[in-house]
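Asker: Here it is, the structure in full.
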Amino acid sequence: MEKKAFLSSLVEYALEMVLAFDSKGIINYANAGAKEKLGYGEEIKGVHIGDIFPTVFDKTEDGFVTEYIFGGEALNMAAYRKNQTCFPTETRMIAYGDEVYVCLSNDILEKEFLSKEVVQVRYEAEQAMKVKSEFVANVTHELRTPVNGILGNVRELLEIENDAAKLKNLHLMERCCENMGMIINNILDFSKLEAGKFTLDPQKFHFKSMLDYIKDSHIRKVTEKGLDFIFSISEDIPEYVIGDELRIVQILNNLISNAVKFTAMGKICVEVVRTAQVNDRIELFFFVMDTGIGIDKKDEDKLFQSFSQVDASISRQYGGTGLGLNICKQLVELMGGTIAVESEKGKGSNFSFSIWVTVPEGEDMGDSSGYTASMPVLGQRRMLADEEEDDTRRYGSEANMEMLKKILSKLILCVEMENWEKAEGFADTVKQLTAEAPREAKSAALRLKMAIQKENYEKTAAAFETLNALME
Ligand code: ADP
């Protein structure tokens with residue numbers, strides 16, 4: 001095909017509208033697309049360009065005037081059909097000397113419609129989100145009132161009740177109410193964070209007292225489980241800092257509660273170091289490390305998503321809503337930091353997070369070199385369990401025997417006090433400590449757990465005796 005014929009057929013069948021007009025503004029060429037979109041036939045030749053784009057071209061006696069700069073950017077302008085209806089276009093025009101003008105134009109009606117639809121969908125989604133968070137806020141508030149009412153009454157009854165069986169039930173009710181209260185608070189926080197309505201409340205507070213408070217509130221549970229609880233705080237952290245104390249406590253409480261929940265033996269360490277400084281702001285790094293059940297590598301990413309629990313059997317055994325870590329992540333990010341986990345299945349988990357706090361005026365800034373001496377700690381992301389070289393888990397080793405004796409004596413004490421639930425926790429630990437033991441010890445540990453589950457005192461005592469004798 002001849003080159004000229006080829007080019008003109010390209011123009012003729014282009015999906016764009018193509019028009020050519022002269023210095024008087026009279027159209028002398030329109031391709032098929034232009035004719036179809038504009039509703040003209042051959043009579044389009046002879047129509048003034050100002051009739052097609054009246055918002056851009058003014059007709060004059062000589063031809064036309066326009067503010068459009070030929071050869072410039074494509075502009076959005078309305079194109080008028082023969083029947084005087086119009087549609088939006090994106091149009092570019094080029095001038096070839098003073099005689100020939102070409103107009104290339106796209107119908108963008110569909111695009112505009114779609115983008116309007118996107119705006120509408122986004123608006124509706126935002127509205128739905130708003131309604132949802134208001135609903136959640138109302139419902140959680142309505143739930144909190146009766147739960148607090150029950151809790152108050154249960155606590156009053158606890159003070160006057162003497163009957164052991166009733167006391168046991170009342171304690172159970174108290175715990176249920178406390179758990180329910182915690183879940184309600186989590187849902188409320190979560191919905192506020194999701195709706196972007198959460199604001200921090202930074203205040204000056206005594207840093208060490210905050211950590212003491214956290215330690216005090218967990219120490220009972222930790223020691224009851226026979227775990228060691230180690231706190232270490234680097235010396236270059238100022239006495240007072242400005243930050244949202246309540247929320248820092250919330251994050252730490254969550255991580256420590258998880259550590260306690262998922263650790264049957266060994267220890268829990270909480271460490272705080274200062275890592276960076278910019279003007280009056282310092283970065284603090286917190287570590288919460290345990291020697292518990294650990295987390296599979298493939299599940300680590302899932303942890304910080306909302307409603308995510310590693311697996312269903314774990315949540316059945318340990319409870320929880322899977323919201324805690326997601327809330328921690330969002331809070332940490334609000335405080336300018338990040339949260340991460342390093343873990344090994346069966347060995348333990350290290351959770352760490354950073355936040356930025358302000359040093360109040362007049363407070364000693366400590367090291368001002370930017371990076372402090374505590375930095376190397378970050379490089380020591382070791383597993384706590386590695387430090388012990390896993391000796392406690394090696395059946396027959398001195399550490400293992402010592403731990404077994406300790407746990408068994410706690411276990412039997414719980415059985416004597418008919419606290420079967422706690423005894424079951426210790427029986428689990430005994431099972432883990434005897435995982436590599438010869439058959440006799442292993443099956444005694446299994447019988448012990450089953451007897452405790454059935455709350456059978458005789459069988460528990462028998463299995464306990466067998467195990468005790470094996471350790472002589
Ligand atoms: P939940 O309320 O269920 O505890 P979280 O978001 O706090 O929700 O935790 C989600 C899941 O992450 C837990 O169900 C558990 O499977 C896993 N997990 C969290 N902390 C630990 C830990 N220290 N050791 C082992 N698994 C953990």
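Each chain in the structure tokens gets a letter, A, B, ..., in the order shown, and its residues are numbered from 1; ligands are numbered from 1 in order too.
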Would you mind writing down, as a ChimeraX atom specification, each residue of region 112-224 of chain A that DSSP on the backbone assigns to strand (DSSP E)?
Answerer: /A:203-206
Asker: Using backbone DSSP assignments, extract all helix (DSSP H, G or I) residues from region 84-290 of chain A; output them as number ranges by chain.
Answerer: A: 109-160, 164-194, 207-224, 245-261
Asker: So that I have them on file, write out the residues from the current selection with C-alpha atoms, as an mmCIF file, in the first residue's frame.
Answerer:
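Dumped to selection-v2.cif:
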data_model
loop_
_atom_site.group_PDB
_atom_site.id
_atom_site.type_symbol
_atom_site.label_atom_id
_atom_site.label_comp_id
_atom_site.auth_asym_id
_atom_site.auth_seq_id
_atom_site.Cartn_x
_atom_site.Cartn_y
_atom_site.Cartn_z
ATOM 1 C CA LEU A 109 -17.408 10.072 29.380
ATOM 2 C CA GLU A 110 -16.816 6.525 30.569
ATOM 3 C CA LYS A 111 -13.610 7.465 32.384
ATOM 4 C CA GLU A 112 -15.328 10.342 34.165
ATOM 5 C CA PHE A 113 -18.264 8.150 35.009
ATOM 6 C CA LEU A 114 -15.960 5.535 36.486
ATOM 7 C CA SER A 115 -13.982 8.041 38.509
ATOM 8 C CA LYS A 116 -17.215 9.521 39.838
ATOM 9 C CA GLU A 117 -18.238 6.013 40.733
ATOM 10 C CA VAL A 118 -14.941 5.460 42.554
ATOM 11 C CA VAL A 119 -15.508 8.668 44.535
ATOM 12 C CA GLN A 120 -19.009 7.503 45.350
ATOM 13 C CA VAL A 121 -17.847 4.026 46.395
ATOM 14 C CA ARG A 122 -15.113 5.538 48.543
ATOM 15 C CA TYR A 123 -17.600 7.898 50.163
ATOM 16 C CA GLU A 124 -19.978 5.032 50.861
ATOM 17 C CA ALA A 125 -17.151 2.916 52.322
ATOM 18 C CA GLU A 126 -16.121 5.777 54.596
ATOM 19 C CA GLN A 127 -19.692 6.236 55.720
ATOM 20 C CA ALA A 128 -20.034 2.498 56.393
ATOM 21 C CA MET A 129 -16.795 2.544 58.366
ATOM 22 C CA LYS A 130 -18.049 5.471 60.404
ATOM 23 C CA VAL A 131 -21.337 3.755 61.143
ATOM 24 C CA LYS A 132 -19.486 0.560 62.024
ATOM 25 C CA SER A 133 -17.105 2.247 64.445
ATOM 26 C CA GLU A 134 -19.931 4.193 66.063
ATOM 27 C CA PHE A 135 -21.872 0.965 66.389
ATOM 28 C CA VAL A 136 -18.881 -0.861 67.905
ATOM 29 C CA ALA A 137 -18.257 2.033 70.289
ATOM 30 C CA ASN A 138 -21.901 1.993 71.426
ATOM 31 C CA VAL A 139 -22.146 -1.761 71.767
ATOM 32 C CA THR A 140 -18.892 -2.074 73.682
ATOM 33 C CA HIS A 141 -19.985 0.710 75.988
ATOM 34 C CA GLU A 142 -23.324 -1.037 76.559
ATOM 35 C CA LEU A 143 -21.491 -4.280 77.277
ATOM 36 C CA ARG A 144 -19.043 -2.728 79.662
ATOM 37 C CA THR A 145 -21.722 -1.394 82.007
ATOM 38 C CA PRO A 146 -23.304 -4.762 82.899
ATOM 39 C CA VAL A 147 -19.927 -6.498 83.072
ATOM 40 C CA ASN A 148 -18.692 -3.906 85.563
ATOM 41 C CA GLY A 149 -21.947 -4.287 87.473
ATOM 42 C CA ILE A 150 -21.504 -8.036 87.787
ATOM 43 C CA LEU A 151 -17.832 -7.645 88.712
ATOM 44 C CA GLY A 152 -18.638 -5.197 91.498
ATOM 45 C CA ASN A 153 -21.242 -7.528 92.980
ATOM 46 C CA VAL A 154 -19.018 -10.581 92.685
ATOM 47 C CA ARG A 155 -16.230 -8.750 94.543
ATOM 48 C CA GLU A 156 -18.621 -7.774 97.300
ATOM 49 C CA LEU A 157 -19.759 -11.375 97.663
ATOM 50 C CA LEU A 158 -16.142 -12.537 97.714
ATOM 51 C CA GLU A 159 -15.552 -10.452 100.804
ATOM 52 C CA ILE A 160 -18.391 -11.992 102.801
ATOM 53 C CA ALA A 164 -15.029 -22.887 99.794
ATOM 54 C CA ALA A 165 -17.070 -24.201 96.852
ATOM 55 C CA LYS A 166 -18.937 -20.937 96.455
ATOM 56 C CA LEU A 167 -15.706 -18.970 96.738
ATOM 57 C CA LYS A 168 -14.249 -21.056 93.919
ATOM 58 C CA ASN A 169 -17.223 -20.221 91.708
ATOM 59 C CA LEU A 170 -17.064 -16.564 92.621
ATOM 60 C CA HIS A 171 -13.370 -16.404 91.754
ATOM 61 C CA LEU A 172 -14.163 -17.997 88.430
ATOM 62 C CA MET A 173 -16.859 -15.394 87.797
ATOM 63 C CA GLU A 174 -14.442 -12.633 88.731
ATOM 64 C CA ARG A 175 -11.918 -13.921 86.224
ATOM 65 C CA CYS A 176 -14.536 -14.248 83.508
ATOM 66 C CA CYS A 177 -15.618 -10.641 84.064
ATOM 67 C CA GLU A 178 -12.032 -9.413 83.986
ATOM 68 C CA ASN A 179 -11.393 -11.276 80.718
ATOM 69 C CA MET A 180 -14.590 -9.935 79.227
ATOM 70 C CA GLY A 181 -13.594 -6.397 80.247
ATOM 71 C CA MET A 182 -10.239 -6.859 78.561
ATOM 72 C CA ILE A 183 -11.824 -8.131 75.342
ATOM 73 C CA ILE A 184 -14.257 -5.196 75.312
ATOM 74 C CA ASN A 185 -11.383 -2.724 75.738
ATOM 75 C CA ASN A 186 -9.454 -4.402 72.937
ATOM 76 C CA ILE A 187 -12.395 -4.205 70.552
ATOM 77 C CA LEU A 188 -12.914 -0.563 71.403
ATOM 78 C CA ASP A 189 -9.245 0.304 70.854
ATOM 79 C CA PHE A 190 -9.164 -1.687 67.659
ATOM 80 C CA SER A 191 -12.209 0.057 66.179
ATOM 81 C CA LYS A 192 -10.844 3.479 67.144
ATOM 82 C CA LEU A 193 -7.476 2.716 65.581
ATOM 83 C CA GLU A 194 -9.115 1.384 62.422
ATOM 84 C CA PHE A 207 9.991 5.805 83.528
ATOM 85 C CA LYS A 208 11.322 3.394 86.126
ATOM 86 C CA SER A 209 8.092 3.541 88.191
ATOM 87 C CA MET A 210 6.169 2.552 85.104
ATOM 88 C CA LEU A 211 8.356 -0.536 84.681
ATOM 89 C CA ASP A 212 8.044 -1.355 88.397
ATOM 90 C CA TYR A 213 4.287 -1.156 88.063
ATOM 91 C CA ILE A 214 4.353 -3.525 85.101
ATOM 92 C CA LYS A 215 6.582 -5.953 86.953
ATOM 93 C CA ASP A 216 4.333 -5.881 90.012
ATOM 94 C CA SER A 217 1.238 -6.571 87.998
ATOM 95 C CA HIS A 218 2.677 -9.741 86.414
ATOM 96 C CA ILE A 219 4.903 -11.085 89.145
ATOM 97 C CA ARG A 220 2.201 -13.236 90.794
ATOM 98 C CA LYS A 221 1.306 -15.126 87.625
ATOM 99 C CA VAL A 222 4.937 -15.503 86.601
ATOM 100 C CA THR A 223 6.071 -16.947 89.902
ATOM 101 C CA GLU A 224 2.992 -19.129 90.187
ATOM 102 C CA GLU A 245 2.405 6.068 79.528
ATOM 103 C CA LEU A 246 -0.938 4.270 79.474
ATOM 104 C CA ARG A 247 -0.372 3.021 75.948
ATOM 105 C CA ILE A 248 3.241 1.995 76.565
ATOM 106 C CA VAL A 249 1.970 0.013 79.558
ATOM 107 C CA GLN A 250 -0.719 -1.503 77.349
ATOM 108 C CA ILE A 251 1.819 -2.722 74.766
ATOM 109 C CA LEU A 252 4.141 -4.151 77.402
ATOM 110 C CA ASN A 253 1.266 -5.781 79.286
ATOM 111 C CA ASN A 254 0.105 -7.425 76.117
ATOM 112 C CA LEU A 255 3.525 -8.803 75.193
ATOM 113 C CA ILE A 256 4.286 -9.937 78.742
ATOM 114 C CA SER A 257 0.843 -11.581 79.137
ATOM 115 C CA ASN A 258 1.451 -13.483 75.907
ATOM 116 C CA ALA A 259 4.923 -14.477 77.083
ATOM 117 C CA VAL A 260 3.467 -15.780 80.362
ATOM 118 C CA LYS A 261 0.590 -17.477 78.568
#
Asker: Near Thr460 (chain A), counting only C-alpha atoms, which residues have an atom at most 12 Å away, once you skip same-chain residues fewer than 6 positions from it, shown as a PyMOL selection string?
Answerer: chain A and resi 408+411-416+418+420+423-424+427+444-454+466-467
Asker: How would the residues just picked look written out with C-alpha atoms as a PDB file, in the first residue's frame?
Answerer:
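Below you can see part.pdb, which holds the result:
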ATOM      1  CA  LEU A 408       6.420 -31.352  90.742  1.00  0.00           C
ATOM      2  CA  LEU A 411       2.069 -29.251  91.129  1.00  0.00           C
ATOM      3  CA  ILE A 412       1.323 -31.338  94.202  1.00  0.00           C
ATOM      4  CA  LEU A 413       0.704 -28.192  96.214  1.00  0.00           C
ATOM      5  CA  CYS A 414      -1.932 -27.126  93.689  1.00  0.00           C
ATOM      6  CA  VAL A 415      -3.512 -30.583  93.844  1.00  0.00           C
ATOM      7  CA  GLU A 416      -3.665 -30.410  97.636  1.00  0.00           C
ATOM      8  CA  GLU A 418      -7.699 -28.516  94.625  1.00  0.00           C
ATOM      9  CA  TRP A 420      -6.756 -28.505  89.258  1.00  0.00           C
ATOM     10  CA  ALA A 423      -1.964 -28.182  88.348  1.00  0.00           C
ATOM     11  CA  GLU A 424      -2.725 -29.052  84.727  1.00  0.00           C
ATOM     12  CA  ALA A 427       1.576 -31.236  84.370  1.00  0.00           C
ATOM     13  CA  ALA A 444       4.035 -41.567  84.248  1.00  0.00           C
ATOM     14  CA  ALA A 445       3.974 -37.921  83.110  1.00  0.00           C
ATOM     15  CA  LEU A 446       1.134 -38.700  80.733  1.00  0.00           C
ATOM     16  CA  ARG A 447      -0.843 -40.535  83.442  1.00  0.00           C
ATOM     17  CA  LEU A 448      -0.244 -37.600  85.754  1.00  0.00           C
ATOM     18  CA  LYS A 449      -1.745 -35.165  83.260  1.00  0.00           C
ATOM     19  CA  MET A 450      -4.770 -37.369  82.578  1.00  0.00           C
ATOM     20  CA  ALA A 451      -5.453 -37.904  86.276  1.00  0.00           C
ATOM     21  CA  ILE A 452      -5.303 -34.157  86.876  1.00  0.00           C
ATOM     22  CA  GLN A 453      -7.646 -33.483  83.976  1.00  0.00           C
ATOM     23  CA  LYS A 454     -10.105 -35.903  85.553  1.00  0.00           C
ATOM     24  CA  THR A 466       6.209 -42.938  90.326  1.00  0.00           C
ATOM     25  CA  LEU A 467       7.844 -39.824  88.917  1.00  0.00           C
TER      26      LEU A 467
END
Asker: With a distance cut-off of 6 Å and only C-alpha atoms, select the neighbouring residues of Ile268 (chain A), excluding the residue or stretch itself and same-chain residues fewer than 6 positions from it, and output the selection as a list in words.
Answerer: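 So, after excluding close chain neighbours, the residues are Phe229, Met289 and Asp290 of chain A.
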Asker: Can you work out which one of A:Asp228, A:Asp163, A:Glu283, A:Glu90 has the shortest atom-to-atom distance to Met335 (chain A), counting only C-alpha atoms?
Answerer: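 Nearest to Met335 (chain A): A:Glu283.
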Asker: For Gly33 (chain A), find every residue with an atom within 12 Å (counting only C-alpha atoms), except residues of its own chain fewer than 6 positions away, and show them as a list in words.
Answerer: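 Once the nearby chain positions are removed, what remains is Leu10, Val11, Glu12, Tyr13, Ala14, Leu15, Glu16, Met17, Val18, Leu19, Gly39, Tyr40, Gly41, Leu104, Ser105, Asn106 and Asp107 of chain A.
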Asker: Considering only C-alpha atoms, return as a PyMOL selection string whatever protein or nucleic-acid residues lie within 12 Å of region 55-61 of chain A, sequence-local ones (same chain, fewer than 2 positions apart) excluded.
Answerer: chain A and resi 23-26+47-53+63-70+75-80+86+88+91-93
Asker: I'd like the interatomic distance between CA of Phe304 (chain A) and CA of Leu334 (chain A), to a tenth of an Å.
Answerer: 14.8 Å
Asker: Give the answer as one residue: which of A:Arg274, A:Lys267, A:Lys37, A:His206 has the shortest atom-to-atom distance to ligand 1, using only C-alpha atoms and all ligand atoms?
Answerer: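 The closest residue to ligand 1 is A:Lys267.
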Asker: Pick from A:Ser354, A:Gln305, A:Asn468, A:Thr338: nearest to ligand 1, with only C-alpha atoms and all ligand atoms counted?
Answerer: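 When distances to ligand 1 are compared using only C-alpha atoms and all ligand atoms, the smallest one comes from A:Gln305.
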Asker: Go through A:Glu421, A:Asp299, A:Glu36, A:Glu363 one by one, measure the shortest atom-to-atom distance of each to ligand 1 using only C-alpha atoms and all ligand atoms, and give the residue with the smallest value.
Answerer: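 Of all the options, A:Asp299 lies closest to ligand 1.
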Asker: Which one of A:Lys329, A:Arg439, A:Lys422, A:Lys459 sits closest to ligand 1 if you count only C-alpha atoms and all ligand atoms?
Answerer: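 With only C-alpha atoms and all ligand atoms as the atom set, the closest residue is A:Lys329.
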Asker: Restricting the calculation to only C-alpha atoms and all ligand atoms, which member of A:Trp356, A:Tyr29, A:Phe287, A:Phe87 is positioned closest to ligand 1?
Answerer: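 Under the stated criterion, the closest residue is A:Phe287.
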Asker: Give me the residues within 12 Å of Ala469 (chain A) as a ChimeraX atom specification, counting only C-alpha atoms and dropping any in the same chain fewer than 6 places off.
Answerer: /A:405,408,440-441,444,462-463
